[in-house]
Structure formats: structure tokens, C-alpha cells
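Data file: final30.pdb. Format and content: PDB, C-alpha atoms.
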```
ATOM      1  CA  MET O   1      -7.436   5.674 -19.104  1.00  0.00           C
ATOM      2  CA  ASN O   2      -4.775   8.373 -18.912  1.00  0.00           C
ATOM      3  CA  GLU O   3      -6.497  10.484 -16.286  1.00  0.00           C
ATOM      4  CA  LEU O   4      -4.144  11.194 -13.397  1.00  0.00           C
ATOM      5  CA  ARG O   5      -5.418   9.443 -10.273  1.00  0.00           C
ATOM      6  CA  ILE O   6      -5.492  11.568  -7.128  1.00  0.00           C
ATOM      7  CA  TYR O   7      -5.608  10.278  -3.544  1.00  0.00           C
ATOM      8  CA  PRO O   8      -7.882   8.801  -2.184  1.00  0.00           C
ATOM      9  CA  ASP O   9      -8.633   7.068  -5.518  1.00  0.00           C
ATOM     10  CA  PRO O  10      -8.761   3.360  -4.535  1.00  0.00           C
ATOM     11  CA  ILE O  11      -6.709   2.246  -7.559  1.00  0.00           C
ATOM     12  CA  LEU O  12      -3.657   3.813  -5.892  1.00  0.00           C
ATOM     13  CA  ARG O  13      -3.918   1.243  -3.091  1.00  0.00           C
ATOM     14  CA  ASN O  14      -4.000  -1.813  -5.350  1.00  0.00           C
ATOM     15  CA  LYS O  15      -0.973  -3.907  -6.143  1.00  0.00           C
ATOM     16  CA  ALA O  16      -0.063  -3.744  -9.845  1.00  0.00           C
ATOM     17  CA  ARG O  17       0.061  -6.948 -11.882  1.00  0.00           C
ATOM     18  CA  GLU O  18       3.301  -8.310 -13.249  1.00  0.00           C
ATOM     19  CA  ILE O  19       3.362  -8.109 -17.042  1.00  0.00           C
ATOM     20  CA  LYS O  20       3.795 -11.492 -18.677  1.00  0.00           C
ATOM     21  CA  ASP O  21       2.410 -10.790 -22.153  1.00  0.00           C
ATOM     22  CA  PHE O  22       4.893  -8.505 -23.874  1.00  0.00           C
ATOM     23  CA  ASP O  23       2.998  -6.632 -26.539  1.00  0.00           C
ATOM     24  CA  PRO O  24       5.538  -3.947 -27.540  1.00  0.00           C
ATOM     25  CA  GLU O  25       2.922  -1.829 -29.309  1.00  0.00           C
ATOM     26  CA  LYS O  26       0.640  -1.743 -26.267  1.00  0.00           C
ATOM     27  CA  LEU O  27       3.510  -1.146 -23.867  1.00  0.00           C
ATOM     28  CA  GLN O  28       4.948   1.673 -26.009  1.00  0.00           C
ATOM     29  CA  TYR O  29       1.499   3.291 -26.067  1.00  0.00           C
ATOM     30  CA  VAL O  30       1.204   3.178 -22.265  1.00  0.00           C
ATOM     31  CA  ILE O  31       4.764   4.477 -21.873  1.00  0.00           C
ATOM     32  CA  GLN O  32       3.998   7.336 -24.270  1.00  0.00           C
ATOM     33  CA  ILE O  33       0.959   8.349 -22.193  1.00  0.00           C
ATOM     34  CA  MET O  34       3.062   8.217 -19.029  1.00  0.00           C
ATOM     35  CA  GLU O  35       5.736  10.401 -20.655  1.00  0.00           C
ATOM     36  CA  GLU O  36       3.074  12.952 -21.612  1.00  0.00           C
ATOM     37  CA  VAL O  37       1.848  13.102 -18.003  1.00  0.00           C
ATOM     38  CA  ILE O  38       5.425  13.574 -16.759  1.00  0.00           C
ATOM     39  CA  LYS O  39       5.968  16.455 -19.191  1.00  0.00           C
ATOM     40  CA  GLU O  40       2.589  18.055 -18.486  1.00  0.00           C
ATOM     41  CA  HIS O  41       3.195  18.066 -14.732  1.00  0.00           C
ATOM     42  CA  GLU O  42       6.974  18.624 -14.870  1.00  0.00           C
ATOM     43  CA  ALA O  43       7.427  15.489 -12.802  1.00  0.00           C
ATOM     44  CA  VAL O  44      10.458  13.255 -12.383  1.00  0.00           C
ATOM     45  CA  GLY O  45       8.609   9.946 -12.269  1.00  0.00           C
ATOM     46  CA  ILE O  46       5.336   8.108 -12.644  1.00  0.00           C
ATOM     47  CA  ALA O  47       3.933   4.623 -12.151  1.00  0.00           C
ATOM     48  CA  ALA O  48       1.195   3.091 -14.318  1.00  0.00           C
ATOM     49  CA  PRO O  49      -1.370   2.910 -11.458  1.00  0.00           C
ATOM     50  CA  GLN O  50      -1.247   6.705 -11.304  1.00  0.00           C
ATOM     51  CA  ILE O  51      -2.973   6.779 -14.693  1.00  0.00           C
ATOM     52  CA  GLY O  52      -5.331   3.931 -13.869  1.00  0.00           C
ATOM     53  CA  ILE O  53      -3.331   1.028 -15.296  1.00  0.00           C
ATOM     54  CA  LEU O  54      -2.680  -1.706 -12.750  1.00  0.00           C
ATOM     55  CA  GLU O  55       0.431  -3.083 -14.417  1.00  0.00           C
ATOM     56  CA  GLN O  56       4.050  -2.931 -13.286  1.00  0.00           C
ATOM     57  CA  ILE O  57       5.434  -0.101 -15.410  1.00  0.00           C
ATOM     58  CA  ILE O  58       7.413   2.857 -14.094  1.00  0.00           C
ATOM     59  CA  LEU O  59       9.112   5.821 -15.734  1.00  0.00           C
ATOM     60  CA  ALA O  60      11.809   8.113 -14.407  1.00  0.00           C
ATOM     61  CA  ASN O  61      12.763  11.394 -16.038  1.00  0.00           C
ATOM     62  CA  ARG O  62      16.541  11.826 -15.974  1.00  0.00           C
ATOM     63  CA  GLY O  63      16.354  15.284 -17.525  1.00  0.00           C
ATOM     64  CA  ASP O  64      17.682  14.068 -20.854  1.00  0.00           C
ATOM     65  CA  GLY O  65      14.690  11.782 -21.360  1.00  0.00           C
ATOM     66  CA  CYS O  66      12.697   9.111 -19.598  1.00  0.00           C
ATOM     67  CA  ILE O  67      13.702   5.573 -18.801  1.00  0.00           C
ATOM     68  CA  SER O  68      11.012   2.932 -18.491  1.00  0.00           C
ATOM     69  CA  ILE O  69      11.159  -0.316 -16.572  1.00  0.00           C
ATOM     70  CA  ILE O  70       8.610  -3.118 -16.598  1.00  0.00           C
ATOM     71  CA  ASN O  71       8.263  -5.472 -13.620  1.00  0.00           C
ATOM     72  CA  PRO O  72      10.969  -3.609 -11.659  1.00  0.00           C
ATOM     73  CA  LYS O  73      12.500  -5.191  -8.573  1.00  0.00           C
ATOM     74  CA  ILE O  74      15.072  -3.742  -6.208  1.00  0.00           C
ATOM     75  CA  VAL O  75      17.882  -6.299  -6.026  1.00  0.00           C
ATOM     76  CA  GLU O  76      20.390  -4.216  -4.073  1.00  0.00           C
ATOM     77  CA  SER O  77      20.298  -1.047  -2.011  1.00  0.00           C
ATOM     78  CA  LYS O  78      22.633   0.767   0.347  1.00  0.00           C
ATOM     79  CA  GLY O  79      23.234   4.067   2.042  1.00  0.00           C
ATOM     80  CA  ASN O  80      20.605   6.454   3.367  1.00  0.00           C
ATOM     81  CA  ASP O  81      19.488   9.927   2.492  1.00  0.00           C
ATOM     82  CA  ILE O  82      16.639  12.149   3.681  1.00  0.00           C
ATOM     83  CA  LEU O  83      14.844  14.289   1.135  1.00  0.00           C
ATOM     84  CA  GLU O  84      11.417  15.836   0.729  1.00  0.00           C
ATOM     85  CA  GLU O  85       9.271  13.963  -1.774  1.00  0.00           C
ATOM     86  CA  GLY O  86       6.130  15.079  -3.496  1.00  0.00           C
ATOM     87  CA  CYS O  87       3.742  12.995  -5.539  1.00  0.00           C
ATOM     88  CA  LEU O  88       1.565  13.581  -8.588  1.00  0.00           C
ATOM     89  CA  SER O  89      -1.244  11.749  -6.817  1.00  0.00           C
ATOM     90  CA  LEU O  90      -0.934  13.919  -3.683  1.00  0.00           C
ATOM     91  CA  PRO O  91      -0.797  17.481  -5.061  1.00  0.00           C
ATOM     92  CA  GLY O  92       0.796  19.987  -2.732  1.00  0.00           C
ATOM     93  CA  VAL O  93       2.100  17.366  -0.296  1.00  0.00           C
ATOM     94  CA  GLY O  94       5.796  17.250   0.586  1.00  0.00           C
ATOM     95  CA  ILE O  95       7.125  14.711   3.081  1.00  0.00           C
ATOM     96  CA  GLU O  96      10.700  14.093   4.207  1.00  0.00           C
ATOM     97  CA  ILE O  97      11.496  10.440   3.610  1.00  0.00           C
ATOM     98  CA  THR O  98      14.591   8.368   4.321  1.00  0.00           C
ATOM     99  CA  ARG O  99      15.546   6.057   1.477  1.00  0.00           C
ATOM    100  CA  PRO O 100      18.679   4.256   0.288  1.00  0.00           C
ATOM    101  CA  ASN O 101      20.737   6.514  -1.979  1.00  0.00           C
ATOM    102  CA  PHE O 102      22.000   3.649  -4.150  1.00  0.00           C
ATOM    103  CA  VAL O 103      19.872   0.944  -5.757  1.00  0.00           C
ATOM    104  CA  VAL O 104      20.151  -1.702  -8.412  1.00  0.00           C
ATOM    105  CA  ILE O 105      16.879  -2.313 -10.201  1.00  0.00           C
ATOM    106  CA  LYS O 106      16.250  -5.366 -12.314  1.00  0.00           C
ATOM    107  CA  GLY O 107      13.369  -5.373 -14.769  1.00  0.00           C
ATOM    108  CA  ILE O 108      12.434  -5.805 -18.381  1.00  0.00           C
ATOM    109  CA  ASP O 109      12.050  -3.494 -21.361  1.00  0.00           C
ATOM    110  CA  GLU O 110       8.893  -3.391 -23.519  1.00  0.00           C
ATOM    111  CA  TYR O 111      10.278  -6.204 -25.712  1.00  0.00           C
ATOM    112  CA  GLY O 112      10.799  -8.611 -22.811  1.00  0.00           C
ATOM    113  CA  LYS O 113      14.583  -8.124 -22.658  1.00  0.00           C
ATOM    114  CA  GLU O 114      16.225  -7.966 -19.218  1.00  0.00           C
ATOM    115  CA  LYS O 115      17.198  -4.503 -18.034  1.00  0.00           C
ATOM    116  CA  ILE O 116      19.432  -3.631 -15.063  1.00  0.00           C
ATOM    117  CA  ILE O 117      19.779  -0.067 -13.806  1.00  0.00           C
ATOM    118  CA  GLN O 118      22.208   1.167 -11.161  1.00  0.00           C
ATOM    119  CA  ALA O 119      21.022   4.457  -9.732  1.00  0.00           C
ATOM    120  CA  THR O 120      22.208   6.927  -7.122  1.00  0.00           C
ATOM    121  CA  ASP O 121      20.782   9.985  -5.403  1.00  0.00           C
ATOM    122  CA  LEU O 122      17.635  11.477  -7.017  1.00  0.00           C
ATOM    123  CA  LEU O 123      17.250   8.753  -9.667  1.00  0.00           C
ATOM    124  CA  ALA O 124      17.510   6.060  -6.974  1.00  0.00           C
ATOM    125  CA  ARG O 125      14.837   7.874  -4.950  1.00  0.00           C
ATOM    126  CA  VAL O 126      12.520   8.255  -7.942  1.00  0.00           C
ATOM    127  CA  LEU O 127      12.765   4.566  -8.829  1.00  0.00           C
ATOM    128  CA  GLN O 128      12.019   3.512  -5.238  1.00  0.00           C
ATOM    129  CA  HIS O 129       9.081   5.938  -5.016  1.00  0.00           C
ATOM    130  CA  GLU O 130       7.570   4.575  -8.236  1.00  0.00           C
ATOM    131  CA  ILE O 131       8.099   0.950  -7.197  1.00  0.00           C
ATOM    132  CA  ASP O 132       6.226   1.797  -3.990  1.00  0.00           C
ATOM    133  CA  HIS O 133       3.291   2.888  -6.172  1.00  0.00           C
ATOM    134  CA  LEU O 134       3.273  -0.542  -7.837  1.00  0.00           C
ATOM    135  CA  ASN O 135       2.737  -2.036  -4.382  1.00  0.00           C
ATOM    136  CA  GLY O 136      -0.037   0.387  -3.385  1.00  0.00           C
ATOM    137  CA  ILE O 137       2.287   2.376  -1.103  1.00  0.00           C
ATOM    138  CA  LEU O 138       2.084   6.178  -0.980  1.00  0.00           C
ATOM    139  CA  ILE O 139       4.444   8.660   0.658  1.00  0.00           C
ATOM    140  CA  ILE O 140       1.857   9.316   3.374  1.00  0.00           C
ATOM    141  CA  ASP O 141       2.316   5.692   4.472  1.00  0.00           C
ATOM    142  CA  LYS O 142       5.827   6.662   5.602  1.00  0.00           C
ATOM    143  CA  LEU O 143       4.439   9.105   8.189  1.00  0.00           C
ATOM    144  CA  SER O 144       4.325   8.335  11.897  1.00  0.00           C
ATOM    145  CA  PRO O 145       0.807   7.720  13.291  1.00  0.00           C
ATOM    146  CA  VAL O 146       0.637  11.263  14.722  1.00  0.00           C
ATOM    147  CA  GLU O 147       1.885  12.836  11.489  1.00  0.00           C
ATOM    148  CA  ARG O 148      -0.651  10.756   9.549  1.00  0.00           C
ATOM    149  CA  VAL O 149      -3.541  12.097  11.659  1.00  0.00           C
ATOM    150  CA  LYS O 150      -2.288  15.650  11.022  1.00  0.00           C
ATOM    151  CA  PHE O 151      -2.048  14.901   7.293  1.00  0.00           C
ATOM    152  CA  ASP O 152      -5.577  13.455   7.172  1.00  0.00           C
ATOM    153  CA  ILE O 153      -6.997  16.552   8.859  1.00  0.00           C
ATOM    154  CA  GLY O 154      -5.079  18.871   6.534  1.00  0.00           C
ATOM    155  CA  TRP O 155      -6.098  16.853   3.451  1.00  0.00           C
ATOM    156  CA  ARG O 156      -9.793  17.023   4.392  1.00  0.00           C
ATOM    157  CA  ARG O 157      -9.449  20.786   4.894  1.00  0.00           C
ATOM    158  CA  ARG O 158      -7.737  21.048   1.460  1.00  0.00           C
ATOM    159  CA  GLU O 159      -4.711  22.739   3.017  1.00  0.00           C
ATOM    160  CA  TYR O 160      -2.283  21.006   0.639  1.00  0.00           C
ATOM    161  CA  GLU O 161      -3.849  22.492  -2.479  1.00  0.00           C
ATOM    162  CA  LYS O 162      -2.358  25.848  -1.502  1.00  0.00           C
ATOM    163  CA  ARG O 163       1.315  24.842  -1.692  1.00  0.00           C
ATOM    164  CA  PRO O 164       3.476  23.010  -4.228  1.00  0.00           C
ATOM    165  CA  PRO O 165       6.004  20.387  -3.062  1.00  0.00           C
ATOM    166  CA  SER O 166       9.694  20.838  -3.789  1.00  0.00           C
ATOM    167  CA  ARG O 167       9.905  17.643  -5.889  1.00  0.00           C
ATOM    168  CA  ILE O 168       7.137  15.884  -7.757  1.00  0.00           C
ATOM    169  CA  LEU O 169       7.629  12.131  -8.098  1.00  0.00           C
TER     170      LEU O 169
END
```
In C-alpha cells, what does this structure look like?
Amino acid sequence: MNELRIYPDPILRNKAREIKDFDPEKLQYVIQIMEEVIKEHEAVGIAAPQIGILEQIILANRGDGCISIINPKIVESKGNDILEEGCLSLPGVGIEITRPNFVVIKGIDEYGKEKIIQATDLLARVLQHEIDHLNGILIIDKLSPVERVKFDIGWRRREYEKRPPSRIL
């Protein structure tokens, strides 16, 4: 269950299910596995589908620990920033992506209690990246058609395995 899923694993393209049954013990277990993967890979975020669990759970590493959000939804966003993003499920890939640099995320904690997070800069980016994963969206989907063809060729040739991205989300 906790094996890191790598593109083109089909589970990464599925939409994660909203969690309605709040079993704190189960959710804490899944969150613990996700935290271990973040630490092992020195990542700043992860979504449950990346470890084969099609449920809406994301984690973001703020440096002083991880925050988890269940059933996250972006309720407000503003500003724009361009930054290179990497992805645990696309090792070696780094893509410049424009995203809002301020977001408000509404979700739930593992006990079913409402949780609201205001985030800026890197944390805002991480949360948006992980929410994309819950919808089956990968950073390569942000490429133009020409850039996507170049990526596909490079991926088949295993060119990305030779270089680490600047940020792993």
C-alpha cells in the first residue's frame, strides 16, 4: 500500500474519493505512512494517490512538521508566481509552473473537524500541487502540447532519471 507510485502508474490519473467515514485510527495510520515517505524522499508534500490510496488526503511539510488536510478545497486564491516544481511521482522532472501565491484551503482533520488554512508562497504552491494530484492532474499536464511531446520523448529515453529537480512536491 505505501509503495510510491511513479508515472505512468494509472492510479495517478484517477480522481480520489472524498472521505465521509472518519475513522481517526485509519486516517492517522495513512498520514503516518505519508509522513514517512516525505521524510524518506526529503519532499515538501504528498497526496494519498501517490502511495496508492485513492482518498482525498494531502500533507505539506512546513519544515517544522507536516500539516494534513482531508477533503481539501481551494476556496480563495490570488496573485501569481512562477516556480519550478518537481514531483515524487515524476523523478528528475522539473517544470516551471504559474500558480496563485496565496490560497485559502478548506478541509477537515482526521477527526472530522473543519480546518481552514491560509497559505502563501511555497506552502500555497505545495497545497495546490497536492490538490491537483487528488484530481488526477500531474505537473506534466501544465505543459504546452509541444513541450509535452518533448517530455514524452525524454521520459521514454529515461533522460529525467539523470537529474534531480530543484523542488520535490
Please identify every residue of range 130-166 of chain O that has at least one atom no farther than 12 Å from an atom of range 99-106 of chain O, counting all atoms listed in the file, and for each give the shortest atom pair and the distance in Å to one decimal, arranged by chain then increasing number, as a Markdown table.
```
| residue | atom | partner | partner_atom | distance |
| --- | --- | --- | --- | --- |
| O:Glu130 | CA | O:Ile105 | CA | 11.7 |
| O:Ile131 | CA | O:Ile105 | CA | 9.8 |
| O:Asp132 | CA | O:Arg99 | CA | 11.6 |
| O:Ile139 | CA | O:Arg99 | CA | 11.4 |
| O:Lys142 | CA | O:Arg99 | CA | 10.6 |
```
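Rounded to one decimal, CA of Ile11 in chain O and CA of Ile108 in chain O lie 23.4 Å from each other.
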To box range 119-122 of chain O, take all atoms listed in the file, fit an axis-aligned box, add 6 Å on each side, and give centre and edge lengths in Å to one decimal, as lines of an AutoDock Vina configuration file.
```
center_x = 19.9
center_y = 8.0
center_z = -7.6
size_x = 16.6
size_y = 19.0
size_z = 16.3
```
Mind running range 63-141 of chain O against range 30-54 of chain O at 8 Å and telling me each contacting residue's nearest atom pair with the distance in Å (one decimal), counting all atoms listed in the file, chain and number ascending, as JSON lines?
```
{"residue": "O:Cys66", "atom": "CA", "partner": "O:Glu35", "partner_atom": "CA", "distance": 7.2}
{"residue": "O:Ser68", "atom": "CA", "partner": "O:Ile31", "partner_atom": "CA", "distance": 7.3}
{"residue": "O:Leu88", "atom": "CA", "partner": "O:Ala43", "partner_atom": "CA", "distance": 7.5}
{"residue": "O:Ser89", "atom": "CA", "partner": "O:Gln50", "partner_atom": "CA", "distance": 6.8}
{"residue": "O:Val126", "atom": "CA", "partner": "O:Gly45", "partner_atom": "CA", "distance": 6.1}
{"residue": "O:Leu127", "atom": "CA", "partner": "O:Gly45", "partner_atom": "CA", "distance": 7.6}
{"residue": "O:Glu130", "atom": "CA", "partner": "O:Ala47", "partner_atom": "CA", "distance": 5.3}
{"residue": "O:Ile131", "atom": "CA", "partner": "O:Ala47", "partner_atom": "CA", "distance": 7.4}
{"residue": "O:His133", "atom": "CA", "partner": "O:Ala47", "partner_atom": "CA", "distance": 6.3}
{"residue": "O:Leu134", "atom": "CA", "partner": "O:Ala47", "partner_atom": "CA", "distance": 6.8}
```
- How would you write, as a PyMOL selection string, the residues chosen by the PyMOL selection byres ((chain O and resi 8) around 12) on this structure? chain O and resi 5-7+9-14+50+89-91+136+138+140+152+155-156
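Restricting the calculation to all atoms listed in the file, the smallest distance between Gly92 in chain O and any of O:Pro24, O:Ile70, O:Leu59, O:Arg158 is found for O:Arg158.
Counting all atoms listed in the file and comparing O:Asn135, O:Arg17, O:Gln128, O:Ile97, the residue that lies closest to Glu76 in chain O is O:Gln128.
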- Message: Going by the chain IDs and residue numbers used in this file, which residues fall under the PyMOL selection byres ((chain O and resi 98) around 7)? Write them as number ranges by chain.
- Response: O: 80-83, 96-97, 99
- Using all atoms listed in the file, pick whichever of O:Val149, O:Leu122, O:Ile58, O:Ile19 has the shortest atom-to-atom distance to Glu85 in chain O. O:Leu122
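The interatomic distance for the pair CA of Gly79 in chain O and CA of Lys150 in chain O works out to 29.4 Å.
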- Message: Just want the 10 Å neighbourhood of Tyr111 in chain O, counted on only C-alpha atoms, with same-chain residues fewer than 6 positions away dropped. Output as an MDAnalysis selection string.
- Response: chainID O and resid 21:25 27:28 70
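Shortest atom-to-atom contact with Lys113 in chain O among O:Leu143, O:Gly65, O:Glu84, O:Lys20: O:Lys20, counting all atoms listed in the file.
Atom to atom, CA of Asp121 in chain O and CA of Arg62 in chain O stand 11.5 Å apart.
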Reconstructed range 42-60 of chain O, atom set N, CA, C and O atoms, as an mmCIF file, keeping the file's coordinate frame:
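part.cif written:
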```
data_model
loop_
_atom_site.group_PDB
_atom_site.id
_atom_site.type_symbol
_atom_site.label_atom_id
_atom_site.label_comp_id
_atom_site.auth_asym_id
_atom_site.auth_seq_id
_atom_site.Cartn_x
_atom_site.Cartn_y
_atom_site.Cartn_z
ATOM 1 N N GLU O 42 5.566 18.374 -15.198
ATOM 2 C CA GLU O 42 6.974 18.624 -14.870
ATOM 3 C C GLU O 42 7.435 17.736 -13.724
ATOM 4 O O GLU O 42 8.062 18.188 -12.761
ATOM 5 N N ALA O 43 7.110 16.466 -13.839
ATOM 6 C CA ALA O 43 7.427 15.489 -12.802
ATOM 7 C C ALA O 43 8.714 14.747 -13.138
ATOM 8 O O ALA O 43 9.208 14.813 -14.265
ATOM 9 N N VAL O 44 9.248 14.045 -12.155
ATOM 10 C CA VAL O 44 10.458 13.255 -12.383
ATOM 11 C C VAL O 44 10.177 11.755 -12.430
ATOM 12 O O VAL O 44 11.084 10.977 -12.696
ATOM 13 N N GLY O 45 8.933 11.359 -12.195
ATOM 14 C CA GLY O 45 8.609 9.946 -12.269
ATOM 15 C C GLY O 45 7.118 9.711 -12.230
ATOM 16 O O GLY O 45 6.342 10.589 -11.847
ATOM 17 N N ILE O 46 6.746 8.508 -12.668
ATOM 18 C CA ILE O 46 5.336 8.108 -12.644
ATOM 19 C C ILE O 46 5.261 6.583 -12.689
ATOM 20 O O ILE O 46 6.140 5.925 -13.243
ATOM 21 N N ALA O 47 4.211 6.063 -12.104
ATOM 22 C CA ALA O 47 3.933 4.623 -12.151
ATOM 23 C C ALA O 47 2.574 4.434 -12.836
ATOM 24 O O ALA O 47 1.688 5.283 -12.710
ATOM 25 N N ALA O 48 2.419 3.341 -13.553
ATOM 26 C CA ALA O 48 1.195 3.091 -14.318
ATOM 27 C C ALA O 48 -0.092 3.203 -13.489
ATOM 28 O O ALA O 48 -1.084 3.732 -13.993
ATOM 29 N N PRO O 49 -0.127 2.750 -12.227
ATOM 30 C CA PRO O 49 -1.370 2.910 -11.458
ATOM 31 C C PRO O 49 -1.818 4.367 -11.324
ATOM 32 O O PRO O 49 -3.007 4.640 -11.170
ATOM 33 N N GLN O 50 -0.885 5.300 -11.427
ATOM 34 C CA GLN O 50 -1.247 6.705 -11.304
ATOM 35 C C GLN O 50 -2.072 7.212 -12.489
ATOM 36 O O GLN O 50 -2.670 8.276 -12.410
ATOM 37 N N ILE O 51 -2.089 6.440 -13.575
ATOM 38 C CA ILE O 51 -2.973 6.779 -14.693
ATOM 39 C C ILE O 51 -4.027 5.696 -14.889
ATOM 40 O O ILE O 51 -4.620 5.574 -15.953
ATOM 41 N N GLY O 52 -4.250 4.906 -13.845
ATOM 42 C CA GLY O 52 -5.331 3.931 -13.869
ATOM 43 C C GLY O 52 -5.004 2.597 -14.491
ATOM 44 O O GLY O 52 -5.904 1.807 -14.764
ATOM 45 N N ILE O 53 -3.740 2.304 -14.701
ATOM 46 C CA ILE O 53 -3.331 1.028 -15.296
ATOM 47 C C ILE O 53 -2.623 0.209 -14.226
ATOM 48 O O ILE O 53 -1.533 0.579 -13.777
ATOM 49 N N LEU O 54 -3.240 -0.888 -13.832
ATOM 50 C CA LEU O 54 -2.680 -1.706 -12.750
ATOM 51 C C LEU O 54 -1.686 -2.737 -13.277
ATOM 52 O O LEU O 54 -1.848 -3.944 -13.098
ATOM 53 N N GLU O 55 -0.647 -2.236 -13.922
ATOM 54 C CA GLU O 55 0.431 -3.083 -14.417
ATOM 55 C C GLU O 55 1.750 -2.497 -13.957
ATOM 56 O O GLU O 55 1.860 -1.290 -13.730
ATOM 57 N N GLN O 56 2.761 -3.350 -13.835
ATOM 58 C CA GLN O 56 4.050 -2.931 -13.286
ATOM 59 C C GLN O 56 4.911 -2.235 -14.345
ATOM 60 O O GLN O 56 5.783 -2.839 -14.960
ATOM 61 N N ILE O 57 4.649 -0.945 -14.503
ATOM 62 C CA ILE O 57 5.434 -0.101 -15.410
ATOM 63 C C ILE O 57 5.755 1.184 -14.665
ATOM 64 O O ILE O 57 4.861 1.803 -14.088
ATOM 65 N N ILE O 58 7.024 1.573 -14.683
ATOM 66 C CA ILE O 58 7.413 2.857 -14.094
ATOM 67 C C ILE O 58 8.265 3.622 -15.101
ATOM 68 O O ILE O 58 8.913 3.029 -15.958
ATOM 69 N N LEU O 59 8.254 4.941 -14.942
ATOM 70 C CA LEU O 59 9.112 5.821 -15.734
ATOM 71 C C LEU O 59 9.816 6.772 -14.795
ATOM 72 O O LEU O 59 9.232 7.210 -13.801
ATOM 73 N N ALA O 60 11.047 7.104 -15.136
ATOM 74 C CA ALA O 60 11.809 8.113 -14.407
ATOM 75 C C ALA O 60 12.391 9.075 -15.432
ATOM 76 O O ALA O 60 12.942 8.656 -16.445
#
```
